[in-house]
Amino acid sequence: MLIFLDLGGYSTRPGAVAISIQEEVDRVIPAVQIIRKEFPDALISVDTFRSKVAKEAVLAGADVINDVSAGNLDEGMLPLIASLNVPYIAMHMKGNPQNMQSLSNYSDILSEIQYYFAEKVDLFKKTWHQRCNY
C-alpha cells in the first residue's frame with residue numbers, strides 16, 4: 001500500500017492569518033521527522049511557498065514540495081528546488097493567501113491558466129539550466 005501525505009503548516013484558506021517562517025518550520029518539521037521515522041515508506045509532500053521551509057522539510061525527509069504560489073511568493077524557491085532536485089508541484093494562484101479570493105475573476109479562465117503555466121514551465125526550465133550550467 002502506498003501512503004502519500006501532504007503536510008502544511010501555513011493555512012491558505014480565505015481569511016487565514018499569516019504566520020512567521022519560524023512558526024511554519026516549527027509546525028511542519030517535527031511532523032515530517034515523526035512520519036518519516038514511523039512510516040519510512042510513506043511519500044511526504046510539504047505544502048509551502050517558502051524556500052526556507054522547503055529546504056528544512058527536504059532535509060528532514062520530505063520527498064516533494066507542493067507550492068501554492070509556483071514560486072511567485074519566494075524568489076528563492078525555484079533555485080532551491082533545482083538544487084535539491086526534488087519533485088515540485090506548482091499550483092496556480094493570483095496574489096497571496098490573504099488576497100487571492102478577491103483576485104479570482106477571469107475573462108477566460110482556461111486561456112489564462114494555460115498561459116500562466118506555459119510561462120512557469122519556461123521559467124522552471126531556465127532555472128534548471130542555470131543550475132546545471134548549460
# chains A, B, ... in the order shown; residues from 1 in each chain; ligands from 1
$ select_by_dssp --residues "range 9-118 of chain A" --states "strand (DSSP E or B)" --output "ChimeraX atom specification"
/A:43-47,64-67,88-90
$ atom_distance --atom1 "CA of Ile81 in chain A" --atom2 "CA of Pro40 in chain A"
22.2 Å
$ closest_residue --among "A:Phe39, A:Ile19, A:Asn72, A:Gln33" --to "Leu59 in chain A" --atoms "only C-alpha atoms"
A:Gln33
$ residues_around --residues "Leu7 in chain A" --least-positions-apart "5" --cutoff "9 Å" --atoms "only C-alpha atoms" --output "list in words"
Val28, Ala31, Val32, Ile44, Ser45, Val46, Asp47 and Thr48 of chain A
$ write_last_selection --atoms "N, CA and C atoms" --output "PDB file, in the first residue's frame"
ATOM      1  N   VAL A  28       5.854  22.192  10.928  1.00  0.00           N
ATOM      2  CA  VAL A  28       5.983  21.174   9.883  1.00  0.00           C
ATOM      3  C   VAL A  28       7.123  20.183  10.126  1.00  0.00           C
ATOM      4  N   ALA A  31       6.672  17.131  12.412  1.00  0.00           N
ATOM      5  CA  ALA A  31       5.730  16.178  11.815  1.00  0.00           C
ATOM      6  C   ALA A  31       6.403  15.355  10.729  1.00  0.00           C
ATOM      7  N   VAL A  32       7.208  16.006   9.885  1.00  0.00           N
ATOM      8  CA  VAL A  32       7.935  15.281   8.835  1.00  0.00           C
ATOM      9  C   VAL A  32       8.859  14.243   9.468  1.00  0.00           C
ATOM     10  N   ILE A  44       6.145  11.819   1.460  1.00  0.00           N
ATOM     11  CA  ILE A  44       5.775  13.020   2.202  1.00  0.00           C
ATOM     12  C   ILE A  44       5.939  14.242   1.308  1.00  0.00           C
ATOM     13  N   SER A  45       4.850  14.959   1.154  1.00  0.00           N
ATOM     14  CA  SER A  45       4.836  16.224   0.430  1.00  0.00           C
ATOM     15  C   SER A  45       4.658  17.331   1.459  1.00  0.00           C
ATOM     16  N   VAL A  46       5.387  18.423   1.303  1.00  0.00           N
ATOM     17  CA  VAL A  46       5.203  19.565   2.190  1.00  0.00           C
ATOM     18  C   VAL A  46       4.658  20.722   1.377  1.00  0.00           C
ATOM     19  N   ASP A  47       3.542  21.232   1.841  1.00  0.00           N
ATOM     20  CA  ASP A  47       2.823  22.323   1.206  1.00  0.00           C
ATOM     21  C   ASP A  47       3.350  23.637   1.789  1.00  0.00           C
ATOM     22  N   THR A  48       4.194  24.325   1.021  1.00  0.00           N
ATOM     23  CA  THR A  48       4.764  25.598   1.464  1.00  0.00           C
ATOM     24  C   THR A  48       5.134  26.437   0.255  1.00  0.00           C
TER      25      THR A  48
END
$ atom_distance --atom1 "CA of Gly8 in chain A" --atom2 "CA of Phe49 in chain A"
10.0 Å
